[in-house]
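Trainee: Sharing final.csv, CSV, C-alpha atoms and all ligand atoms:
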```
chain,number,residue,atom,x,y,z
F,45,MET,CA,159.3,171.3,88.0
F,46,SER,CA,160.4,173.9,85.5
F,47,CYS,CA,158.5,175.5,82.7
F,48,VAL,CA,158.9,178.8,81.0
F,49,GLN,CA,160.4,181.5,83.2
F,50,GLU,CA,158.6,184.6,81.9
F,51,TRP,CA,155.2,185.5,80.4
F,52,PRO,CA,155.4,186.0,76.7
F,53,GLU,CA,153.7,189.5,76.9
F,54,PRO,CA,153.3,192.2,79.5
F,55,ILE,CA,150.6,191.2,82.0
F,56,VAL,CA,147.5,193.3,82.1
F,57,ARG,CA,145.3,193.0,85.1
F,58,VAL,CA,141.7,192.4,84.1
F,59,GLN,CA,140.5,194.2,87.3
F,60,SER,CA,142.4,197.4,86.0
F,61,LEU,CA,140.6,197.2,82.7
F,62,ALA,CA,137.2,196.8,84.5
F,63,GLU,CA,137.9,199.6,86.9
F,64,ASN,CA,138.9,202.0,84.1
F,65,GLY,CA,135.2,201.9,83.2
F,66,CYS,CA,135.7,200.8,79.6
F,67,ALA,CA,132.5,200.2,77.6
F,68,THR,CA,134.1,197.6,75.3
F,69,ILE,CA,136.6,194.9,76.1
F,70,PRO,CA,140.0,194.7,74.3
F,71,ASP,CA,140.3,192.3,71.3
F,72,ARG,CA,142.5,190.0,73.4
F,73,TYR,CA,139.5,188.8,75.4
F,74,ILE,CA,137.0,188.5,72.5
F,75,ARG,CA,136.3,184.9,71.4
F,76,VAL,CA,135.7,184.1,67.7
F,77,PRO,CA,131.9,184.1,67.0
F,78,LYS,CA,131.3,180.4,67.1
F,79,GLU,CA,133.0,180.1,70.5
F,80,ARG,CA,131.0,182.8,72.3
F,81,PRO,CA,128.9,182.0,75.3
F,82,GLY,CA,125.5,182.4,73.6
F,83,GLU,CA,126.4,179.9,70.8
F,84,ASP,CA,125.9,176.8,72.9
F,85,LEU,CA,122.8,174.9,74.1
F,86,VAL,CA,121.9,175.7,77.7
F,87,ALA,CA,119.8,173.3,79.8
F,88,HIS,CA,117.2,175.1,81.9
F,89,ASP,CA,115.4,173.8,85.0
F,90,VAL,CA,118.2,171.3,85.9
F,91,ASP,CA,121.1,171.6,88.3
F,92,ILE,CA,123.9,169.4,89.6
F,93,PRO,CA,123.0,167.1,92.5
F,94,LEU,CA,122.9,168.6,96.0
F,95,ILE,CA,123.9,166.0,98.6
F,96,ASP,CA,123.6,166.3,102.3
F,97,LEU,CA,126.8,164.6,103.7
F,98,GLY,CA,125.3,164.4,107.2
F,99,GLY,CA,124.6,160.7,106.7
F,100,LEU,CA,128.3,160.0,106.5
F,101,PHE,CA,128.6,160.9,110.2
F,102,SER,CA,125.4,159.2,111.2
F,103,PRO,CA,125.3,156.0,113.3
F,104,ASP,CA,122.3,155.0,111.2
F,105,GLU,CA,123.7,152.5,108.6
F,106,GLY,CA,120.8,153.1,106.2
F,107,ALA,CA,121.5,156.8,106.1
F,108,HIS,CA,125.2,156.1,105.7
F,109,ALA,CA,124.7,153.8,102.8
F,110,ALA,CA,122.2,156.1,101.1
F,111,THR,CA,124.7,159.0,101.3
F,112,LEU,CA,127.4,156.8,99.8
F,113,ALA,CA,125.1,155.8,97.0
F,114,LYS,CA,124.2,159.4,96.2
F,115,VAL,CA,127.8,160.4,95.9
F,116,GLY,CA,128.6,157.4,93.8
F,117,LYS,CA,125.8,158.2,91.3
F,118,ALA,CA,126.8,161.8,91.1
F,119,CYS,CA,130.5,160.9,90.4
F,120,ARG,CA,129.5,158.5,87.6
F,121,GLU,CA,126.7,160.5,86.0
F,122,TRP,CA,127.7,164.1,86.6
F,123,GLY,CA,131.3,164.4,87.8
F,124,PHE,CA,130.0,167.4,89.7
F,125,PHE,CA,127.8,167.8,92.9
F,126,GLN,CA,127.3,170.2,95.7
F,127,VAL,CA,127.6,169.1,99.3
F,128,VAL,CA,126.1,170.6,102.5
F,129,ASN,CA,126.6,169.4,106.1
F,130,HIS,CA,130.2,168.6,105.2
F,131,GLY,CA,131.8,169.5,108.5
F,132,VAL,CA,133.6,172.7,107.5
F,133,PRO,CA,132.2,175.6,109.6
F,134,GLY,CA,130.1,178.1,107.6
F,135,ASP,CA,131.6,181.1,109.4
F,136,LEU,CA,135.1,180.0,108.3
F,137,MET,CA,133.8,179.8,104.7
F,138,ASP,CA,132.5,183.4,105.0
F,139,ARG,CA,135.7,184.6,106.6
F,140,VAL,CA,138.0,183.1,103.9
F,141,LEU,CA,135.9,184.6,101.1
F,142,GLU,CA,136.1,187.9,102.9
F,143,VAL,CA,139.9,188.0,103.3
F,144,TRP,CA,140.4,187.1,99.7
F,145,ARG,CA,137.9,189.8,98.6
F,146,GLN,CA,140.0,192.3,100.7
F,147,PHE,CA,143.1,191.1,98.9
F,148,PHE,CA,141.7,191.8,95.4
F,149,HIS,CA,140.5,195.2,96.6
F,150,LEU,CA,144.0,196.3,97.7
F,151,PRO,CA,145.7,199.1,95.7
F,152,MET,CA,147.3,197.6,92.6
F,153,GLU,CA,150.9,198.4,93.7
F,154,GLU,CA,150.4,196.2,96.7
F,155,LYS,CA,149.0,193.3,94.8
F,156,GLN,CA,151.8,193.6,92.2
F,157,ARG,CA,154.3,192.6,94.9
F,158,TYR,CA,153.0,189.1,94.6
F,159,ALA,CA,153.0,189.0,90.7
F,160,ASN,CA,153.6,185.4,89.6
F,161,SER,CA,155.6,183.8,86.8
F,162,PRO,CA,154.8,180.8,84.6
F,163,ASN,CA,157.6,178.9,86.3
F,164,THR,CA,155.5,177.9,89.4
F,165,TYR,CA,152.4,180.0,89.0
F,166,GLU,CA,152.5,180.9,92.6
F,167,GLY,CA,151.2,184.3,93.4
F,168,TYR,CA,149.0,186.9,91.7
F,169,GLY,CA,148.3,186.1,88.1
F,170,SER,CA,146.1,187.0,85.1
F,171,ARG,CA,146.6,184.3,82.5
F,172,LEU,CA,147.1,180.6,82.2
F,173,GLY,CA,149.4,179.4,79.5
F,174,VAL,CA,152.3,181.1,77.8
F,175,GLU,CA,151.2,181.1,74.1
F,176,LYS,CA,152.0,184.5,72.6
F,177,GLY,CA,148.9,186.1,71.2
F,178,ALA,CA,146.5,183.6,72.9
F,179,ILE,CA,142.9,184.8,73.6
F,180,LEU,CA,142.7,185.5,77.3
F,181,ASP,CA,140.0,184.9,79.9
F,182,TRP,CA,138.3,187.7,81.9
F,183,SER,CA,139.7,187.0,85.3
F,184,ASP,CA,142.7,187.4,87.7
F,185,TYR,CA,143.7,184.8,90.3
F,186,TYR,CA,146.0,184.0,93.2
F,187,PHE,CA,147.6,180.6,93.3
F,188,LEU,CA,149.4,179.0,96.2
F,189,HIS,CA,150.7,175.6,97.3
F,190,TYR,CA,149.6,174.0,100.6
F,191,LEU,CA,150.6,170.3,100.4
F,192,PRO,CA,152.9,168.5,100.5
F,193,SER,CA,154.2,170.7,103.2
F,194,GLY,CA,157.7,170.9,101.6
F,195,LEU,CA,156.1,173.0,98.8
F,196,LYS,CA,154.3,175.4,101.1
F,197,ASP,CA,156.0,178.8,101.3
F,198,HIS,CA,154.3,181.4,103.4
F,199,ASN,CA,156.5,184.1,101.9
F,200,LYS,CA,154.5,183.7,98.7
F,201,TRP,CA,151.2,184.1,100.5
F,202,PRO,CA,149.7,187.6,100.9
F,203,ALA,CA,150.8,189.3,104.0
F,204,HIS,CA,148.7,192.5,103.8
F,205,ALA,CA,146.8,191.7,107.0
F,206,PRO,CA,148.1,189.7,109.9
F,207,TYR,CA,145.0,187.5,110.1
F,208,HIS,CA,145.0,186.6,106.4
F,209,ARG,CA,147.4,183.7,106.6
F,210,ASP,CA,145.8,182.3,109.7
F,211,VAL,CA,142.3,182.2,108.1
F,212,VAL,CA,143.7,180.7,104.9
F,213,GLU,CA,145.6,178.0,106.9
F,214,GLU,CA,142.6,177.2,109.0
F,215,TYR,CA,140.4,176.9,106.0
F,216,LEU,CA,142.8,174.8,104.0
F,217,ALA,CA,143.3,172.4,106.9
F,218,GLU,CA,139.5,171.9,107.1
F,219,VAL,CA,139.0,171.3,103.4
F,220,VAL,CA,141.9,168.9,103.3
F,221,LYS,CA,140.2,166.9,106.1
F,222,LEU,CA,137.0,166.9,104.1
F,223,SER,CA,138.9,165.8,101.0
F,224,GLY,CA,140.4,162.8,102.9
F,225,ARG,CA,136.8,161.8,103.9
F,226,LEU,CA,135.5,162.0,100.4
F,227,MET,CA,138.5,160.1,99.0
F,228,LYS,CA,137.4,157.2,101.2
F,229,VAL,CA,133.8,157.4,100.0
F,230,LEU,CA,134.9,157.5,96.4
F,231,ALA,CA,137.1,154.4,97.0
F,232,ILE,CA,134.4,152.4,98.8
F,233,ASN,CA,132.0,153.2,95.9
F,234,LEU,CA,134.4,151.7,93.5
F,235,GLY,CA,134.6,148.5,95.5
F,236,LEU,CA,138.1,149.3,96.7
F,237,GLN,CA,139.7,149.4,100.2
F,238,GLU,CA,138.9,152.7,101.7
F,239,ASP,CA,142.5,154.0,101.6
F,240,ARG,CA,143.2,152.8,98.1
F,241,LEU,CA,142.7,156.1,96.2
F,242,GLN,CA,144.5,158.1,98.9
F,243,ASN,CA,147.5,155.7,98.6
F,244,ALA,CA,147.4,156.0,94.8
F,245,PHE,CA,147.7,159.8,95.3
F,246,GLY,CA,150.8,159.3,97.4
F,247,GLY,CA,149.4,158.9,100.9
F,248,GLU,CA,151.0,161.5,103.2
F,249,GLU,CA,152.6,163.1,100.2
F,250,VAL,CA,149.3,164.1,98.6
F,251,GLY,CA,149.2,167.5,97.0
F,252,ALA,CA,146.8,170.4,97.6
F,253,CYS,CA,146.9,173.9,96.2
F,254,LEU,CA,144.5,176.8,96.1
F,255,ARG,CA,143.5,179.0,93.2
F,256,VAL,CA,141.4,182.0,94.1
F,257,ASN,CA,139.6,183.3,91.0
F,258,PHE,CA,138.5,186.9,90.8
F,259,TYR,CA,136.1,187.8,87.9
F,260,PRO,CA,135.7,191.6,87.6
F,261,LYS,CA,132.5,193.0,86.1
F,262,CYS,CA,132.6,192.8,82.4
F,263,PRO,CA,130.9,195.3,80.0
F,264,GLN,CA,130.5,192.7,77.2
F,265,PRO,CA,129.8,189.3,78.8
F,266,ASP,CA,128.5,187.8,75.6
F,267,LEU,CA,131.9,188.0,74.0
F,268,THR,CA,134.2,186.4,76.5
F,269,PHE,CA,134.5,183.9,79.4
F,270,GLY,CA,135.7,184.2,83.0
F,271,LEU,CA,137.4,180.9,82.5
F,272,SER,CA,137.3,179.0,79.2
F,273,SER,CA,135.9,175.4,79.1
F,274,HIS,CA,138.2,172.9,80.7
F,275,SER,CA,138.3,169.8,82.9
F,276,ASP,CA,140.5,170.1,86.0
F,277,PRO,CA,143.8,168.3,85.6
F,278,GLY,CA,144.1,167.1,89.2
F,279,GLY,CA,142.3,164.7,91.4
F,280,LEU,CA,139.3,166.3,93.2
F,281,THR,CA,138.3,170.0,93.3
F,282,PHE,CA,136.4,171.7,96.2
F,283,LEU,CA,135.0,175.0,95.0
F,284,LEU,CA,133.7,177.7,97.3
F,285,PRO,CA,132.1,180.4,95.1
F,286,ASP,CA,130.3,183.5,96.1
F,287,SER,CA,126.7,182.3,96.7
F,288,HIS,CA,124.9,185.5,95.6
F,289,VAL,CA,126.0,185.3,92.0
F,290,SER,CA,126.2,182.4,89.6
F,291,GLY,CA,128.7,182.0,86.8
F,292,LEU,CA,129.8,178.3,86.7
F,293,GLN,CA,128.4,176.2,83.9
F,294,VAL,CA,128.9,172.4,83.7
F,295,CYS,CA,128.6,170.4,80.5
F,296,LYS,CA,126.0,167.6,80.7
F,297,ASP,CA,124.7,165.7,77.6
F,298,ASN,CA,126.2,168.5,75.3
F,299,LYS,CA,124.3,171.2,77.1
F,300,TRP,CA,125.5,173.8,79.6
F,301,VAL,CA,123.9,173.6,83.1
F,302,THR,CA,124.2,176.8,85.2
F,303,VAL,CA,125.0,175.9,88.8
F,304,LYS,CA,123.0,177.7,91.5
F,305,PRO,CA,125.4,177.9,94.4
F,306,SER,CA,123.9,177.0,97.8
F,307,ARG,CA,125.1,179.0,100.8
F,308,HIS,CA,127.9,177.3,102.7
F,309,ALA,CA,128.0,174.4,100.2
F,310,PHE,CA,131.0,173.2,98.4
F,311,ILE,CA,130.9,172.3,94.7
F,312,VAL,CA,132.9,169.1,94.3
F,313,ASN,CA,134.1,167.8,91.0
F,314,ILE,CA,136.2,164.9,89.7
F,315,GLY,CA,139.5,165.8,88.0
F,316,ASP,CA,141.3,164.1,85.2
F,317,GLN,CA,143.6,162.1,87.5
F,318,MET,CA,140.6,160.6,89.2
F,319,GLN,CA,139.1,159.7,85.9
F,320,VAL,CA,142.3,157.9,84.9
F,321,LEU,CA,142.7,156.1,88.3
F,322,SER,CA,139.0,155.0,88.2
F,323,ASN,CA,139.4,153.8,84.6
F,324,ALA,CA,136.6,156.2,83.7
F,325,HIS,CA,134.1,155.0,86.2
F,326,TYR,CA,134.2,158.5,87.4
F,327,LYS,CA,134.0,161.4,85.0
F,328,SER,CA,136.0,164.6,84.8
F,329,VAL,CA,133.6,167.0,83.2
F,330,GLU,CA,134.1,170.2,81.2
F,331,HIS,CA,133.1,173.4,82.9
F,332,ARG,CA,133.5,177.1,82.2
F,333,VAL,CA,132.7,180.4,83.9
F,334,MET,CA,130.4,183.2,82.6
F,335,VAL,CA,131.0,186.8,83.6
F,336,ASN,CA,128.6,189.4,84.6
F,337,PRO,CA,128.1,193.1,83.7
F,338,ASN,CA,126.8,194.2,87.1
F,339,VAL,CA,128.6,192.1,89.8
F,340,GLU,CA,132.1,190.8,90.3
F,341,ARG,CA,132.5,187.3,91.5
F,342,LEU,CA,135.1,185.4,93.7
F,343,SER,CA,135.6,181.7,93.9
F,344,LEU,CA,138.2,179.5,95.8
F,345,ALA,CA,139.2,176.2,94.2
F,346,LEU,CA,141.1,173.8,96.3
F,347,PHE,CA,142.7,171.2,94.1
F,348,TYR,CA,143.4,167.9,95.8
F,349,ASN,CA,146.1,166.2,93.7
F,350,PRO,CA,148.3,163.2,93.5
F,351,THR,CA,151.9,163.8,94.4
F,352,GLY,CA,153.8,165.1,91.4
F,353,ASN,CA,156.2,162.2,90.6
F,354,LEU,CA,154.0,159.1,91.0
F,355,LEU,CA,152.8,157.4,87.8
F,356,ILE,CA,149.0,157.7,87.6
F,357,GLU,CA,147.3,154.9,85.7
F,358,PRO,CA,144.0,152.9,86.1
F,359,ILE,CA,144.0,151.0,89.4
F,360,LYS,CA,144.6,147.4,88.6
F,361,GLU,CA,141.4,146.2,90.5
F,362,LEU,CA,139.4,148.2,88.0
F,363,VAL,CA,141.0,146.7,84.9
F,364,THR,CA,139.3,143.7,83.5
F,365,PRO,CA,139.2,141.9,80.2
F,366,GLN,CA,135.8,143.6,79.6
F,367,LYS,CA,137.3,147.0,80.6
F,368,PRO,CA,141.0,147.1,79.8
F,369,ALA,CA,143.1,150.0,81.1
F,370,LEU,CA,141.8,153.0,79.1
F,371,TYR,CA,144.7,155.4,79.7
F,372,ARG,CA,148.5,155.2,79.6
F,373,PRO,CA,150.5,156.1,82.7
F,374,MET,CA,151.8,159.6,83.3
F,375,THR,CA,153.0,161.5,86.3
F,376,PHE,CA,150.9,164.5,87.4
F,377,ASN,CA,154.0,166.8,87.1
F,378,GLU,CA,154.2,165.9,83.4
F,379,TYR,CA,150.5,166.1,83.0
F,380,ARG,CA,150.1,169.6,84.3
F,381,LEU,CA,152.9,171.1,82.3
F,382,TYR,CA,150.6,170.9,79.3
F,383,ILE,CA,147.9,173.2,80.9
F,384,ARG,CA,150.6,175.4,82.3
F,385,SER,CA,152.0,176.0,78.8
F,386,THR,CA,148.9,175.9,76.6
F,387,GLY,CA,146.2,177.2,78.9
F,388,LEU,CA,142.7,175.7,79.1
F,389,HIS,CA,141.5,173.5,76.2
F,390,GLY,CA,138.4,171.5,77.1
F,391,LYS,CA,139.1,167.8,77.7
F,392,SER,CA,141.8,167.5,75.0
F,393,GLN,CA,144.5,166.5,77.4
F,394,VAL,CA,142.8,163.5,79.2
F,395,GLU,CA,141.6,162.4,75.7
F,396,SER,CA,145.2,162.4,74.5
F,397,LEU,CA,146.1,159.9,77.3
F,398,LYS,CA,143.6,157.3,75.8
F,399,ARG,CA,145.3,154.1,74.8
F,400,ASN,CA,144.6,152.6,71.4
F,401,ILE,CA,143.4,149.2,72.8
F,402,ASN,CA,143.5,147.5,69.4
F,403,GLN,CA,147.0,148.7,68.7
F,404,ASP,CA,148.1,147.6,72.2
F,405,LYS,CA,146.7,144.1,71.7
F,406,HIS,CA,148.5,143.9,68.4
F,407,ASP,CA,151.8,145.1,69.9
F,408,HIS,CA,151.4,142.5,72.7
F,409,PHE,CA,151.1,139.5,70.5
F,501,LIG,O1,134.9,180.0,89.5
F,501,LIG,C1,134.3,179.0,89.2
F,501,LIG,O2,133.1,178.8,89.4
F,501,LIG,C2,135.1,177.8,88.6
F,501,LIG,C3,136.6,177.8,88.8
F,501,LIG,C4,137.3,176.7,88.1
F,501,LIG,O3,136.7,176.1,87.3
F,501,LIG,C5,138.7,176.5,88.4
F,501,LIG,O4,139.3,177.3,89.2
F,501,LIG,O5,139.3,175.6,87.7
```
Starting from the file, give its structure as structure tokens.
Ligand SMILES: O=C(O)CCC(=O)C(=O)O
Mentor:
Amino acid sequence: MSCVQEWPEPIVRVQSLAENGCATIPDRYIRVPKERPGEDLVAHDVDIPLIDLGGLFSPDEGAHAATLAKVGKACREWGFFQVVNHGVPGDLMDRVLEVWRQFFHLPMEEKQRYANSPNTYEGYGSRLGVEKGAILDWSDYYFLHYLPSGLKDHNKWPAHAPYHRDVVEEYLAEVVKLSGRLMKVLAINLGLQEDRLQNAFGGEEVGACLRVNFYPKCPQPDLTFGLSSHSDPGGLTFLLPDSHVSGLQVCKDNKWVTVKPSRHAFIVNIGDQMQVLSNAHYKSVEHRVMVNPNVERLSLALFYNPTGNLLIEPIKELVTPQKPALYRPMTFNEYRLYIRSTGLHGKSQVESLKRNINQDKHDHF
């Protein structure tokens, strides 16, 4: 898949700005007043559902069914939930956070060897989108491909420490296993065969990539975001954030809910492709990241995606006369070009896929 080859402006590492000890942030990061973090309603005393997945592995049918029901309700009502007892070892989660923390604390010249381009996004980056003059987010990141295996290129992974690749490989293999399990749960909860969603993602050719987000301390956190509001373009996201600092906010009923991360939990969310396949039974929900003046923050987002060249459209078993197909078909490759060129813009892209049902009926007759 090709996009633009070069960034429109020289790349500035947010971490360098933060480490220079500036008291104010450059204009490029300052949102217009009505878009600033403090301008929106925030919901207090509420959090996304926390689900113990232990029941999925239990021989007790009641516990199994109750766990399925909790996941189903969270996918329909929130599009976001945390899971514990998910099968991925806690010490592996700690180690993978630690190796990425080490990466971001390497000298800048060493990190620059991995500088990415907007063509594939793989490597060390500091912006999403290639619009000249765009307002930027207060974060750096590292992006890499894991699946399908033909896209994986170890030469594009950090090699500063011999164990780095091994830990990342081990971690990604575990999270992909968990993704496969949850894909079954999501399918069963829609009344589908358990492998129906996985097959719609391309079966063995399913995609998985990792974005490691690094949010340096920010002297003016009320003026900017670590990541602007967006919904994830892919299928399902498994987020492992630092548990000692919050930052993620999820939109629910037009208010922002601050997620309190639980230790050794994953934050799971529905992406746009899953909303389309499920014909909007499952919701891909807007979220954003706040920054902090006193502490930096790290998060690892594994995106579990359909293979790039398959058409993604509402699954036919979920299309009825009462609920016609809400979205027009598009491949994931085409879909993600938009975010790669324009950056993060709320839910505008999945909204743009909506079919005009009345117009379609008219065309049909
Ligand atoms: O860092 C976070 O909490 C969220 C990251 C995120 O939304 C993303 O990587 O798409």
Trainee: Please give me, as a ChimeraX atom specification, the residues lying within 9 Å of ligand LIG 501 (chain F) when counting all atoms listed in the file.
Mentor: /F:185,254-259,270-277,281,283-286,290-293,303,311,330-334,341-347
Trainee: Neighbourhood query: residues within 10 Å of (143.2, 159.1, 84.6), file coordinates, counting all atoms listed in the file; return as a VMD selection string.
Mentor: chain F and resid 277 to 279 315 to 324 326 to 328 356 to 359 369 to 374 376 394 to 395 397 to 398
Trainee: So which residues touch Ala203 in chain F within 12 Å, counting all atoms listed in the file, skipping near sequence neighbours fewer than 6 positions away, as a list in words?
Mentor: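 Surrounding residues, per the criterion: Val143, Trp144, Gln146, Phe147, Leu150, Glu154, Lys155, Arg157, Tyr158, Gly167, Arg209, Asp210, Val211 and Val212 of chain F.
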Trainee: Leaving out Val90 in chain F and any residue of its chain fewer than 6 positions from it, which residues lie within 12 Å of it when counting all atoms listed in the file, given as a VMD selection string?
Mentor: chain F and resid 122 293 to 297 299 to 304
Trainee: Could you pull the residues within 9 Å of Thr111 in chain F, counting only C-alpha atoms, minus those fewer than 5 positions along the same chain, as JSON, numbers by chain?
Mentor: {"F": [95, 96, 97, 98, 99, 100, 106, 116]}
Trainee: Just how far from CA of Gly387 in chain F is CA of Arg80 in chain F, in Å to one decimal?
Mentor: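 Between CA of Arg80 in chain F and CA of Gly387 in chain F the gap is 17.5 Å.
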Trainee: Nearest residue to Val229 in chain F out of F:Arg139, F:Lys117, F:Arg72, F:His204, using all atoms listed in the file?
Mentor: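 Looking at the shortest contact to Val229 in chain F, the residue is F:Lys117.
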Trainee: Which value, in Å to one decimal, gives the distance between CA of Pro365 in chain F and CA of Leu234 in chain F?
Mentor: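 Rounded to one decimal, the two atoms are 17.2 Å apart.
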Trainee: Just the number, please: distance in Å from CA of Glu142 in chain F to CA of Val289 in chain F, one decimal.
Mentor: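 Between CA of Glu142 in chain F and CA of Val289 in chain F the gap works out to 15.1 Å.
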Trainee: From the options F:Met152, F:Ala244, F:Glu238, F:Leu230, which residue's atoms come nearest to Arg120 in chain F, counting all atoms listed in the file?
Mentor: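 Among the listed residues, the smallest separation from Arg120 in chain F belongs to F:Leu230.
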Trainee: Got a sec: who's within 10 Å of Ser223 in chain F, counting only C-alpha atoms, leaving out chain neighbours fewer than 3 positions off, as a list of chain:residue names?
Mentor: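 Listed by chain and then number, they are F:Ala217, F:Glu218, F:Val219, F:Val220, F:Leu226, F:Met227, F:Lys228, F:Val229, F:Gln242, F:Ala252, F:Leu280, F:Thr281, F:Phe282, F:Val312, F:Leu346, F:Phe347, F:Tyr348.
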Trainee: Could you save the residues just selected, with C-alpha atoms, as a PDB file, in the coordinates of the input?
Mentor:
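Result saved to selection39.pdb:
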```pdb
ATOM      1  CA  ALA F 217     143.300 172.400 106.900  1.00  0.00           C
ATOM      2  CA  GLU F 218     139.500 171.900 107.100  1.00  0.00           C
ATOM      3  CA  VAL F 219     139.000 171.300 103.400  1.00  0.00           C
ATOM      4  CA  VAL F 220     141.900 168.900 103.300  1.00  0.00           C
ATOM      5  CA  LEU F 226     135.500 162.000 100.400  1.00  0.00           C
ATOM      6  CA  MET F 227     138.500 160.100  99.000  1.00  0.00           C
ATOM      7  CA  LYS F 228     137.400 157.200 101.200  1.00  0.00           C
ATOM      8  CA  VAL F 229     133.800 157.400 100.000  1.00  0.00           C
ATOM      9  CA  GLN F 242     144.500 158.100  98.900  1.00  0.00           C
ATOM     10  CA  ALA F 252     146.800 170.400  97.600  1.00  0.00           C
ATOM     11  CA  LEU F 280     139.300 166.300  93.200  1.00  0.00           C
ATOM     12  CA  THR F 281     138.300 170.000  93.300  1.00  0.00           C
ATOM     13  CA  PHE F 282     136.400 171.700  96.200  1.00  0.00           C
ATOM     14  CA  VAL F 312     132.900 169.100  94.300  1.00  0.00           C
ATOM     15  CA  LEU F 346     141.100 173.800  96.300  1.00  0.00           C
ATOM     16  CA  PHE F 347     142.700 171.200  94.100  1.00  0.00           C
ATOM     17  CA  TYR F 348     143.400 167.900  95.800  1.00  0.00           C
TER      18      TYR F 348
END
```
Trainee: Do a neighbour search on Asn160 in chain F at 9 Å with all atoms listed in the file, toss out local chain neighbours closer than 6 positions, and write the hits as a ChimeraX atom specification.
Mentor: /F:166-170,186-187
Trainee: Just give me the residues with any atom within 6 Å of (128.3, 197.2, 79.0), file coordinates, counting all atoms listed in the file, written as a list in words.
Mentor: Ala67, Pro263 and Gln264 of chain F
Trainee: F:Asp197, F:Gln237, F:Trp182, F:Phe269: which is nearest Cys253 in chain F, counting all atoms listed in the file?
Mentor: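 Ranked by minimum distance to Cys253 in chain F, first place goes to F:Asp197.
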Trainee: Kindly indicate which residue among F:Asp184, F:Leu362, F:Ser161, F:Arg380 lies nearest to Gly235 in chain F, using all atoms listed in the file for the distances.
Mentor: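 Of F:Asp184, F:Leu362, F:Ser161, F:Arg380, the one nearest Gly235 in chain F is F:Leu362, counting all atoms listed in the file.
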